[in-house]
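Data block for query.cif (mmCIF, C-alpha atoms):
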```
data_run
loop_
_atom_site.label_atom_id
_atom_site.label_comp_id
_atom_site.auth_asym_id
_atom_site.auth_seq_id
_atom_site.Cartn_x
_atom_site.Cartn_y
_atom_site.Cartn_z
CA MET J 1 -13.02 2.04 37.42
CA ALA J 2 -10.93 4.57 35.54
CA PHE J 3 -9.38 2.12 33.10
CA LEU J 4 -11.84 0.24 30.79
CA ARG J 5 -11.40 -1.95 27.72
CA SER J 6 -13.84 -3.42 25.19
CA SER J 7 -15.36 -6.83 25.70
CA ASN J 8 -13.10 -8.41 23.09
CA PHE J 9 -9.91 -7.19 24.84
CA ALA J 10 -8.73 -10.80 25.27
CA SER J 11 -7.94 -11.00 21.55
CA GLU J 12 -6.00 -7.73 21.57
CA SER J 13 -2.35 -7.08 22.48
CA TRP J 14 -1.66 -5.21 25.74
CA SER J 15 1.12 -2.75 26.17
CA VAL J 16 3.20 -3.07 29.31
CA SER J 17 1.89 0.19 30.68
CA GLU J 18 -1.73 -0.81 30.00
CA LEU J 19 -1.36 -4.13 31.76
CA THR J 20 0.49 -2.57 34.69
CA GLN J 21 -2.17 0.11 35.04
CA TYR J 22 -4.89 -2.52 34.95
CA ILE J 23 -3.18 -4.54 37.71
CA ARG J 24 -2.80 -1.37 39.80
CA GLU J 25 -6.54 -0.69 39.48
CA LEU J 26 -7.28 -4.25 40.56
CA PHE J 27 -5.32 -3.60 43.74
CA GLU J 28 -7.08 -0.31 44.32
CA ILE J 29 -10.62 -1.66 43.94
CA ASP J 30 -9.95 -4.35 46.57
CA TYR J 31 -10.99 -2.53 49.74
CA ARG J 32 -9.11 -5.06 51.88
CA LEU J 33 -5.83 -3.88 50.34
CA GLN J 34 -6.59 -0.20 50.84
CA ASP J 35 -6.40 -0.34 54.60
CA VAL J 36 -4.03 -3.08 55.72
CA GLU J 37 -1.94 -3.61 58.81
CA VAL J 38 1.30 -5.53 58.20
CA SER J 39 3.91 -6.59 60.76
CA GLY J 40 7.46 -7.51 59.94
CA GLU J 41 11.13 -6.66 60.32
CA ILE J 42 12.67 -3.60 58.67
CA SER J 43 15.62 -4.05 56.30
CA ASN J 44 17.25 -1.91 53.61
CA PHE J 45 16.03 1.19 55.38
CA SER J 46 16.94 4.54 53.78
CA ARG J 47 15.82 8.13 54.10
CA ALA J 48 15.87 10.19 50.91
CA ARG J 49 16.90 13.85 50.88
CA SER J 50 13.28 14.65 50.19
CA GLY J 51 12.36 13.14 53.57
CA HIS J 52 10.58 10.08 52.14
CA LEU J 53 11.35 6.69 53.71
CA TYR J 54 12.09 3.57 51.71
CA PHE J 55 12.40 0.16 53.34
CA THR J 56 11.46 -3.51 53.15
CA LEU J 57 9.25 -5.45 55.53
CA LYS J 58 10.18 -9.10 55.80
CA ASP J 59 9.64 -12.27 57.73
CA ASP J 60 11.26 -15.66 57.31
CA LYS J 61 9.33 -16.41 54.08
CA ALA J 62 8.65 -13.20 52.15
CA GLN J 63 9.50 -9.54 51.64
CA LEU J 64 7.38 -6.48 50.92
CA LYS J 65 8.65 -3.17 49.59
CA CYS J 66 7.38 -0.10 51.41
CA VAL J 67 7.43 3.66 51.01
CA MET J 68 6.34 6.35 53.47
CA TRP J 69 6.01 9.88 52.23
CA ARG J 70 7.53 12.76 54.12
CA SER J 71 4.18 13.82 55.58
CA GLY J 72 3.79 10.45 57.30
CA ALA J 73 7.48 10.23 58.26
CA GLU J 74 7.30 13.53 60.11
CA ARG J 75 4.56 12.13 62.36
CA LEU J 76 6.65 9.18 63.53
CA ARG J 77 7.56 9.18 67.21
CA PHE J 78 10.63 6.95 66.79
CA ALA J 79 13.55 6.58 64.40
CA PRO J 80 13.12 3.33 62.48
CA GLN J 81 16.20 1.35 61.50
CA ASP J 82 17.20 -2.01 60.13
CA GLY J 83 16.25 -4.87 62.41
CA ASP J 84 13.28 -3.13 64.02
CA ALA J 85 10.08 -5.14 64.21
CA VAL J 86 7.20 -2.83 63.35
CA VAL J 87 3.50 -2.69 62.53
CA VAL J 88 2.73 -0.64 59.43
CA ASN J 89 -0.69 0.67 58.30
CA GLY J 90 -1.27 1.69 54.70
CA ARG J 91 -2.48 0.62 51.30
CA ILE J 92 -1.20 -1.71 48.62
CA SER J 93 -0.66 -0.46 45.10
CA VAL J 94 1.62 -0.88 42.11
CA TYR J 95 4.55 1.39 41.29
CA GLU J 96 4.06 1.43 37.54
CA ALA J 97 7.59 2.60 36.63
CA SER J 98 9.08 -0.65 37.89
CA GLY J 99 5.97 -2.85 37.87
CA VAL J 100 6.43 -3.67 41.56
CA TYR J 101 3.65 -3.76 44.10
CA GLN J 102 4.42 -2.08 47.39
CA LEU J 103 2.91 -0.87 50.62
CA TYR J 104 2.35 2.86 50.84
CA ALA J 105 2.71 3.32 54.59
CA GLU J 106 0.78 5.98 56.44
CA GLN J 107 1.48 4.94 60.02
CA MET J 108 4.20 2.83 61.67
CA SER J 109 4.75 1.78 65.26
CA PRO J 110 7.59 -0.29 66.78
CA MET J 111 7.22 -3.83 68.06
CA GLY J 112 10.82 -4.31 69.16
CA GLN J 113 13.74 -6.03 67.41
CA GLY J 114 13.12 -8.56 64.70
CA ASP J 115 14.23 -12.18 64.83
CA LEU J 116 17.38 -11.68 62.74
CA ALA J 117 18.46 -8.64 64.71
CA ALA J 118 17.81 -10.49 67.97
CA ALA J 119 19.87 -13.47 66.75
CA PHE J 120 22.62 -11.06 65.69
CA GLU J 121 22.74 -9.40 69.10
CA ALA J 122 22.64 -12.73 70.93
CA LEU J 123 25.60 -14.13 68.94
CA LYS J 124 27.47 -10.85 69.26
CA ALA J 125 27.07 -10.90 73.05
CA LYS J 126 28.11 -14.57 73.24
CA LEU J 127 31.30 -14.15 71.22
CA SER J 128 32.14 -10.91 72.97
CA ASP J 129 31.90 -12.63 76.35
CA GLU J 130 34.29 -15.31 75.06
CA GLY J 131 36.82 -12.63 74.11
CA LEU J 132 36.72 -13.11 70.32
CA PHE J 133 36.45 -9.36 69.82
CA ASP J 134 39.27 -8.40 72.22
CA ALA J 135 41.99 -6.13 70.84
CA GLU J 136 44.75 -8.32 72.32
CA PHE J 137 43.98 -11.00 69.73
CA LYS J 138 44.08 -8.64 66.74
CA LYS J 139 47.02 -9.44 64.48
CA PRO J 140 48.87 -6.58 62.73
CA ILE J 141 48.37 -6.16 59.00
CA PRO J 142 51.65 -6.50 57.04
CA THR J 143 52.77 -3.20 55.56
CA PHE J 144 54.24 -4.65 52.36
CA PRO J 145 52.43 -7.92 51.56
CA ARG J 146 53.67 -10.16 48.76
CA LYS J 147 50.48 -12.17 48.27
CA ILE J 148 46.89 -11.55 49.40
CA GLY J 149 44.19 -14.21 49.63
CA ILE J 150 40.61 -13.17 48.84
CA VAL J 151 37.47 -15.00 50.02
CA THR J 152 34.49 -13.85 47.97
CA SER J 153 32.27 -14.75 45.04
CA ALA J 154 34.20 -15.24 41.81
CA ASP J 155 31.70 -13.25 39.73
CA ALA J 156 30.98 -10.51 42.27
CA ALA J 157 31.56 -6.83 41.61
CA ALA J 158 33.32 -6.71 44.97
CA LEU J 159 36.13 -8.91 43.59
CA ARG J 160 36.62 -6.65 40.57
CA ASP J 161 36.71 -3.61 42.84
CA ILE J 162 39.33 -5.21 45.09
CA ILE J 163 41.58 -6.23 42.19
CA ASN J 164 41.31 -2.78 40.58
CA VAL J 165 42.29 -1.09 43.84
CA LEU J 166 45.22 -3.46 44.43
CA ARG J 167 46.47 -3.01 40.86
CA ARG J 168 46.27 0.77 41.16
CA ARG J 169 47.74 1.15 44.63
CA TYR J 170 50.33 -1.61 44.84
CA PRO J 171 50.93 -3.58 41.61
CA LEU J 172 53.75 -5.56 43.28
CA VAL J 173 51.29 -7.71 45.21
CA SER J 174 49.90 -10.97 43.82
CA VAL J 175 46.40 -12.30 44.51
CA LEU J 176 45.04 -15.77 45.24
CA ILE J 177 41.24 -16.11 45.07
CA ALA J 178 39.28 -18.70 47.05
CA PRO J 179 35.84 -18.48 45.37
CA THR J 180 32.79 -19.19 47.50
CA LEU J 181 29.12 -18.45 47.87
CA VAL J 182 28.53 -15.31 49.93
CA GLN J 183 24.76 -15.59 50.37
CA GLY J 184 22.34 -18.33 51.34
CA ALA J 185 22.33 -21.35 53.58
CA ASP J 186 25.23 -23.03 51.73
CA ALA J 187 27.50 -20.01 52.00
CA PRO J 188 28.83 -20.34 55.60
CA PRO J 189 30.47 -23.79 55.22
CA GLN J 190 31.98 -22.74 51.90
CA ILE J 191 33.37 -19.55 53.45
CA VAL J 192 34.89 -21.60 56.29
CA ARG J 193 36.53 -24.02 53.82
CA ALA J 194 37.92 -21.15 51.75
CA LEU J 195 39.33 -19.46 54.84
CA ARG J 196 41.00 -22.63 56.09
CA TRP J 197 42.47 -23.38 52.68
CA LEU J 198 44.08 -19.95 52.42
CA ASP J 199 45.16 -19.93 56.05
CA GLY J 200 46.91 -23.28 55.58
CA ARG J 201 49.25 -21.85 52.93
CA THR J 202 52.67 -20.43 53.72
CA ASP J 203 52.82 -17.92 50.85
CA ILE J 204 49.88 -15.79 52.05
CA ASP J 205 50.48 -12.57 54.01
CA THR J 206 46.93 -11.21 54.39
CA ILE J 207 43.39 -12.53 53.79
CA ILE J 208 40.45 -10.36 52.72
CA VAL J 209 36.90 -11.58 53.33
CA ALA J 210 34.56 -9.51 51.18
CA ARG J 211 31.05 -9.10 49.87
CA GLY J 212 29.09 -6.22 48.40
CA GLY J 213 26.20 -4.51 50.14
CA GLY J 214 22.75 -5.94 50.76
CA SER J 215 20.06 -6.45 53.34
CA MET J 216 20.69 -8.11 56.67
CA GLU J 217 19.50 -11.42 55.32
CA ASP J 218 21.78 -11.02 52.27
CA LEU J 219 24.76 -10.56 54.56
CA TRP J 220 23.67 -13.19 57.06
CA ALA J 221 26.35 -15.70 56.02
CA PHE J 222 28.88 -13.39 57.67
CA ASN J 223 26.87 -13.49 60.91
CA ASP J 224 27.36 -17.24 61.12
CA GLU J 225 29.08 -18.53 64.25
CA GLY J 226 31.20 -21.03 62.31
CA VAL J 227 32.50 -18.27 60.04
CA ALA J 228 33.28 -16.10 63.05
CA ARG J 229 35.24 -18.84 64.78
CA ALA J 230 37.16 -19.69 61.59
CA ILE J 231 38.22 -16.05 61.29
CA PHE J 232 39.29 -15.95 64.93
CA ALA J 233 41.28 -19.19 64.64
CA ALA J 234 43.17 -18.07 61.51
CA GLN J 235 46.94 -17.67 61.80
CA HIS J 236 47.07 -15.00 59.09
CA PRO J 237 45.67 -11.49 59.62
CA ILE J 238 42.18 -11.05 58.15
CA ILE J 239 40.51 -7.89 56.87
CA SER J 240 36.70 -7.92 56.70
CA GLY J 241 35.16 -5.86 53.91
CA VAL J 242 31.50 -6.91 53.96
CA GLY J 243 28.64 -4.67 52.83
CA HIS J 244 28.61 -0.88 52.95
CA GLU J 245 29.68 1.59 55.62
CA VAL J 246 26.42 1.25 57.56
CA ASP J 247 26.52 -2.54 57.53
CA PHE J 248 28.07 -4.42 60.43
CA THR J 249 28.44 -8.18 60.65
CA ILE J 250 29.87 -10.54 63.24
CA ALA J 251 32.80 -11.10 60.88
CA ASP J 252 33.65 -7.40 61.21
CA PHE J 253 34.00 -7.68 64.98
CA VAL J 254 36.11 -10.86 64.89
CA ALA J 255 38.40 -9.85 62.02
CA ASP J 256 41.74 -8.23 62.74
CA LEU J 257 40.66 -5.15 60.81
CA ARG J 258 37.22 -4.00 59.62
CA ALA J 259 36.83 -2.10 56.35
CA PRO J 260 33.57 -0.30 55.47
CA THR J 261 33.54 -1.68 51.88
CA PRO J 262 35.43 -4.27 49.80
CA SER J 263 37.32 -1.48 48.03
CA ALA J 264 38.30 -0.01 51.39
CA ALA J 265 39.54 -3.45 52.47
CA ALA J 266 41.90 -3.49 49.49
CA GLU J 267 43.10 0.00 50.38
CA LEU J 268 43.82 -1.07 53.94
CA ALA J 269 45.66 -4.20 52.79
CA VAL J 270 48.37 -2.48 50.73
CA PRO J 271 50.25 0.82 50.69
CA ASP J 272 49.91 3.36 47.90
CA VAL J 273 53.03 3.42 45.72
CA SER J 274 52.43 7.08 44.91
CA GLU J 275 52.66 7.88 48.62
CA LEU J 276 55.71 5.64 49.11
CA ARG J 277 57.98 7.52 46.69
CA PRO J 278 58.56 10.55 48.94
CA TYR J 279 58.79 8.17 51.90
CA PHE J 280 61.53 6.14 50.23
CA THR J 281 63.31 9.36 49.21
CA THR J 282 63.29 10.49 52.83
CA VAL J 283 64.43 7.06 54.01
CA GLN J 284 67.23 7.08 51.44
CA GLN J 285 68.41 10.48 52.65
CA GLN J 286 68.21 9.36 56.26
CA MET J 287 70.16 6.20 55.47
CA GLY J 288 72.80 8.25 53.63
CA ASN J 289 73.15 10.61 56.57
CA LEU J 290 73.30 7.66 58.93
CA VAL J 291 76.02 5.98 56.88
CA LEU J 292 78.08 9.20 56.80
CA GLU J 293 77.57 9.61 60.53
CA ARG J 294 78.65 6.02 61.16
CA ILE J 295 81.70 6.43 58.92
CA GLY J 296 82.71 9.57 60.81
CA HIS J 297 82.19 7.83 64.10
CA TYR J 298 84.23 4.80 63.05
CA ARG J 299 86.98 7.04 61.60
CA TRP J 300 87.24 8.80 64.96
CA GLN J 301 87.37 5.42 66.68
CA VAL J 302 90.14 4.26 64.34
CA GLN J 303 92.16 7.40 65.00
CA THR J 304 91.69 7.00 68.75
CA LEU J 305 92.75 3.36 68.59
CA LYS J 306 95.68 4.27 66.38
CA ARG J 307 96.88 6.80 68.94
CA SER J 308 96.38 4.24 71.68
CA LEU J 309 98.21 1.56 69.73
CA SER J 310 101.11 3.92 69.01
CA HIS J 311 102.04 3.69 72.67
CA LEU J 312 101.83 -0.08 72.54
CA SER J 313 103.40 -0.49 69.12
CA PRO J 314 106.46 -2.81 68.83
CA ARG J 315 108.23 0.08 67.12
CA VAL J 316 108.27 1.95 70.41
CA GLY J 317 109.82 -1.06 72.14
CA ILE J 318 112.25 -1.63 69.31
CA ALA J 319 113.31 2.02 69.33
CA GLY J 320 113.79 1.87 73.09
CA GLY J 321 115.68 -1.40 72.75
CA ARG J 322 117.92 0.07 70.08
CA GLN J 323 118.69 3.03 72.31
CA ARG J 324 119.41 0.77 75.25
CA LEU J 325 121.56 -1.45 73.02
CA ASP J 326 123.55 1.54 71.88
CA GLY J 327 124.05 2.50 75.51
CA TRP J 328 125.13 -0.99 76.41
CA GLN J 329 127.47 -1.13 73.42
CA SER J 330 129.08 2.15 74.44
CA ARG J 331 129.47 0.97 77.99
CA LEU J 332 130.94 -2.34 76.75
CA GLU J 333 133.38 -0.58 74.47
CA ARG J 334 134.50 1.68 77.32
CA ALA J 335 134.80 -1.29 79.66
CA MET J 336 136.78 -3.23 77.06
CA GLN J 337 139.04 -0.25 76.46
CA ARG J 338 139.67 0.07 80.17
CA ARG J 339 140.45 -3.65 80.33
CA LEU J 340 142.77 -3.33 77.35
CA ASP J 341 144.50 -0.34 78.85
CA GLN J 342 144.90 -2.15 82.13
CA SER J 343 146.17 -5.29 80.38
CA SER J 344 148.52 -3.24 78.24
CA HIS J 345 149.88 -1.52 81.31
CA ARG J 346 150.41 -4.83 83.08
CA LEU J 347 151.98 -6.23 79.92
CA ASN J 348 154.36 -3.32 79.76
CA LEU J 349 155.29 -3.88 83.38
CA LEU J 350 155.84 -7.58 82.76
CA GLN J 351 157.78 -6.81 79.61
CA THR J 352 160.01 -4.44 81.56
CA ARG J 353 160.54 -7.06 84.16
CA LEU J 354 161.20 -9.74 81.59
CA THR J 355 163.56 -7.49 79.76
CA ALA J 356 165.46 -6.92 82.92
CA VAL J 357 166.01 -10.66 83.43
CA SER J 358 166.21 -11.72 79.78
CA PRO J 359 169.41 -13.23 78.35
CA THR J 360 169.73 -10.35 75.97
CA ALA J 361 169.93 -7.92 78.84
CA THR J 362 172.54 -10.14 80.43
CA LEU J 363 174.54 -10.11 77.22
CA GLU J 364 174.25 -6.35 77.14
CA ARG J 365 175.97 -6.25 80.50
CA GLY J 366 179.00 -8.19 79.09
CA TYR J 367 177.97 -11.71 79.79
CA ALA J 368 178.09 -14.53 77.21
CA ILE J 369 176.09 -17.69 76.63
CA VAL J 370 177.99 -20.90 75.87
CA ARG J 371 176.36 -23.77 73.97
CA ASP J 372 177.72 -27.20 73.15
CA GLY J 373 177.67 -28.81 69.79
CA ASN J 374 174.02 -29.78 70.28
CA GLY J 375 172.99 -26.23 71.08
CA ARG J 376 172.55 -26.89 74.77
CA ILE J 377 173.61 -24.18 77.18
CA VAL J 378 176.67 -25.09 79.13
CA ARG J 379 176.09 -24.20 82.73
CA THR J 380 178.86 -26.13 84.51
CA PRO J 381 182.39 -27.18 83.59
CA THR J 382 181.45 -30.77 84.02
CA ALA J 383 179.15 -30.53 81.05
CA VAL J 384 182.19 -30.34 78.68
CA LYS J 385 185.52 -31.97 78.21
CA SER J 386 188.71 -30.99 76.58
CA GLY J 387 188.53 -30.73 72.86
CA ASP J 388 184.72 -30.03 72.72
CA ALA J 389 183.74 -27.40 70.23
CA LEU J 390 181.55 -24.76 71.83
CA THR J 391 179.70 -21.73 70.60
CA VAL J 392 179.90 -18.49 72.54
CA GLN J 393 177.11 -15.94 72.09
CA VAL J 394 177.85 -12.34 73.02
CA ARG J 395 175.88 -9.06 72.72
CA ASP J 396 176.34 -8.53 69.02
CA GLY J 397 177.18 -12.01 67.74
CA GLN J 398 178.78 -15.37 68.42
CA PHE J 399 182.01 -17.26 67.81
CA GLY J 400 183.31 -20.80 68.25
CA VAL J 401 185.91 -22.02 70.78
CA THR J 402 187.54 -25.32 71.71
CA VAL J 403 187.86 -26.49 75.28
CA SER J 404 191.48 -26.78 76.19
CA THR J 405 191.25 -26.77 79.95
CA LYS J 406 188.54 -26.71 82.56
CA GLU J 407 188.55 -25.92 86.27
#
```

Could you write out this structure as C-alpha cells?
Amino acid sequence: MAFLRSSNFASESWSVSELTQYIRELFEIDYRLQDVEVSGEISNFSRARSGHLYFTLKDDKAQLKCVMWRSGAERLRFAPQDGDAVVVNGRISVYEASGVYQLYAEQMSPMGQGDLAAAFEALKAKLSDEGLFDAEFKKPIPTFPRKIGIVTSADAAALRDIINVLRRRYPLVSVLIAPTLVQGADAPPQIVRALRWLDGRTDIDTIIVARGGGSMEDLWAFNDEGVARAIFAAQHPIISGVGHEVDFTIADFVADLRAPTPSAAAELAVPDVSELRPYFTTVQQQMGNLVLERIGHYRWQVQTLKRSLSHLSPRVGIAGGRQRLDGWQSRLERAMQRRLDQSSHRLNLLQTRLTAVSPTATLERGYAIVRDGNGRIVRTPTAVKSGDALTVQVRDGQFGVTVSTKE
C-alpha cells in the first residue's frame, strides 16, 4: 500500500487529504471493487468538450456517480442519454478533490430504457392519445398582463430569476406567488393545489409553473398525471418553465407554452418595455395619420351632404315661394286695376246716365221743382190749395210763392 502511517496513528489528527487518500487506497486494495459490473439507469448525462462522459447510474433506492474517459467513450457503439438502462464495467475509487466515490467506467452497453423513462413515455403516450397535447386546446398568452401567478418553491433560485426578468422587462406587471414543493413525493399534490388556487382567481392573467434544472427524478413531480391534468383543466394560460433546455417534462407538453428555463418563461410572459417604445411611437404615428385621414374623409362627407342639403334646404323653397308670391301679387294688382278701371268706366257711364235724368239736369233745361211747406215735392194740383205757401226751386236758386188759383 502506498500510504502508510505509524501504529499510534489513532491518537494523531488526520488532515482531510490524508483521510481521503487513505479511503481511496482502501477502495483500490479491494479487488472486488476494481472490476465491477453495475446496471442502472442513466441520468444527468453530459459530454465535456474534452470528450469525457459524466453521468449518474441510479435505481429506485440509490445513485452512483460515474465518469468515462475519452478513450473509453470513443469505443462505445451507441450514444448514451438520460433514461437509458445500461450495464457499466469499471472500477470504484474516490475523487479526492470532492471526497466522492465514483465508478470509473471502461465499458458500457445498453439494456434498454430505464423504469422512469418507460413510465414517462407511457404517460406521454396516454395523454397524447387523449388529446391533452393538441394545439387546438392551447390558450393564447396575453400580450400585456397585469398580474402573473407563479407556482414554484419560495426559496428557489428559479423564483429569483423570474422576478428579476419580470422587473427588468416589464415593471408594470405584478406577481402573486403560490409557494409549493417542486421535488419529492409530496410535491405533486401541492403543485395541483397551488395551480387551482391561482386559476380560481379573477385577477390573474397568466400562470408560470417553474423549477430549476435537475435529474429526471428531481423533475419527476412535473411528470405526474395529476399535475398534467390540472394544467390542462386550467382556465388561465399556463407557461411551463421546468428544468433546462434539454429537459422535457409532461407539464411542458400539456402547458399552453413551453419555455426552456424559468428565466425564459418570464421572458415569454411579458413584453420588453425597451422594445415597446419604438412600437408605441409607430402606433402613435399611425393613429395620428388615421385620425387625419378620418377627419379629411368626414370633412368631404360633410361638404357632400351640405351640397346635397342645399337643394333640399327650406331657403330654396322660401326663395321660390317669395318669387311666386311676388308674381301672384303682381298678377293680383293688375287684375284689381283692371277691375277698378272697368268699374270706373261703368260708374262713369252710370253717372252720365244719372246726370241725364237727375233733377239738376231738368232744372238746367228750364224746369222747376215745387215743394210745399213740409218740403214735399208737389206733383199734382190736388196736393195744394189756395193760400198754401210753396217753394219753387230753379236752376240757380229758389223763391217762395202763394197759391192763388189751381187748375

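Shell of J:Met68 at 8 Å, with only C-alpha atoms counted and residues fewer than 6 places along the chain excluded, is His52, Leu53, Tyr54, Tyr104, Ala105 and Glu106 of chain J.
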
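Only residues having an atom at most 12 Å from (12.2, 14.4, 49.9) are included; using all atoms listed in the file, these are Ser46, Arg47, Ala48, Arg49, Ser50, Gly51, His52, Leu53, Tyr54, Val67, Met68, Trp69, Arg70, Ser71, Gly72, Ala73 and Glu74 of chain J.
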
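If you measure from each of J:Leu172, J:Gly149, J:Asn164, J:Arg379 to J:Asp203 using only C-alpha atoms, the closest one turns out to be J:Gly149.
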
Legend entry - Residues within 7 Å of stretch 247-257 of chain J, only C-alpha atoms, excluding chain neighbours under 3 positions, as a PyMOL selection string: chain J and resi 124+132-133+138-139+222-223+228+231-232+237-240+243-244

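Atom CA of J:Thr380 lies 22.0 Å from atom CA of J:Gly397.
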
Legend entry - Spatial neighbours of stretch 76-81 of chain J, max dist 8 Å, only C-alpha atoms, sep filter under 5 positions, as a PyMOL selection string: chain J and resi 42-43+45+107-110

Here's the selection I'm unsure about, the PyMOL selection byres ((chain J and resi 192) around 9); applied to the file above, which residues does it give, as a PDB file with C-alpha atoms, keeping the file's coordinate frame?
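Printed below is part_0.pdb as written:
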```pdb
ATOM      1  CA  ALA J 187      27.500 -20.010  52.000  1.00  0.00           C
ATOM      2  CA  PRO J 188      28.830 -20.340  55.600  1.00  0.00           C
ATOM      3  CA  PRO J 189      30.470 -23.790  55.220  1.00  0.00           C
ATOM      4  CA  GLN J 190      31.980 -22.740  51.900  1.00  0.00           C
ATOM      5  CA  ILE J 191      33.370 -19.550  53.450  1.00  0.00           C
ATOM      6  CA  ARG J 193      36.530 -24.020  53.820  1.00  0.00           C
ATOM      7  CA  ALA J 194      37.920 -21.150  51.750  1.00  0.00           C
ATOM      8  CA  LEU J 195      39.330 -19.460  54.840  1.00  0.00           C
ATOM      9  CA  ARG J 196      41.000 -22.630  56.090  1.00  0.00           C
ATOM     10  CA  TRP J 197      42.470 -23.380  52.680  1.00  0.00           C
ATOM     11  CA  GLY J 226      31.200 -21.030  62.310  1.00  0.00           C
ATOM     12  CA  VAL J 227      32.500 -18.270  60.040  1.00  0.00           C
ATOM     13  CA  ALA J 228      33.280 -16.100  63.050  1.00  0.00           C
ATOM     14  CA  ARG J 229      35.240 -18.840  64.780  1.00  0.00           C
ATOM     15  CA  ALA J 230      37.160 -19.690  61.590  1.00  0.00           C
ATOM     16  CA  ILE J 231      38.220 -16.050  61.290  1.00  0.00           C
TER      17      ILE J 231
END
```

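Nearest to J:Glu225 of all the residues J:Gly184, J:Lys126, J:Val209, J:Arg201 is J:Lys126, counting all atoms listed in the file.
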
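Separating atom CA of J:Ala269 from atom CA of J:Ile177 is a distance of 14.9 Å.
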
Legend entry - Residues selected by the PyMOL selection byres ((chain J and resi 264) around 10), written as a PyMOL selection string: chain J and resi 161-162+165+239-241+244-245+258-263+265-269

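Atom CA of J:Ala356 lies 19.5 Å from atom CA of J:Ser343.
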
Inset, instruction - Using all atoms listed in the file, give me every residue within 9 Å of (-8.3, 0.6, 53.6) in file coordinates, as a ChimeraX atom specification. - result: /J:30-36,89-92

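Closest approach to J:Pro271 from the set J:Arg167, J:Tyr22, J:Asp155, J:Tyr101 is made by J:Arg167, with distances taken over all atoms listed in the file.
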
Inset, instruction - Fewer than 6 positions away in the same chain doesn't count, so skip those; otherwise give me all residues within 10 Å of J:Val270, counting all atoms listed in the file, as a ChimeraX atom specification. - result: /J:141-146,148,165-166,169-173,206
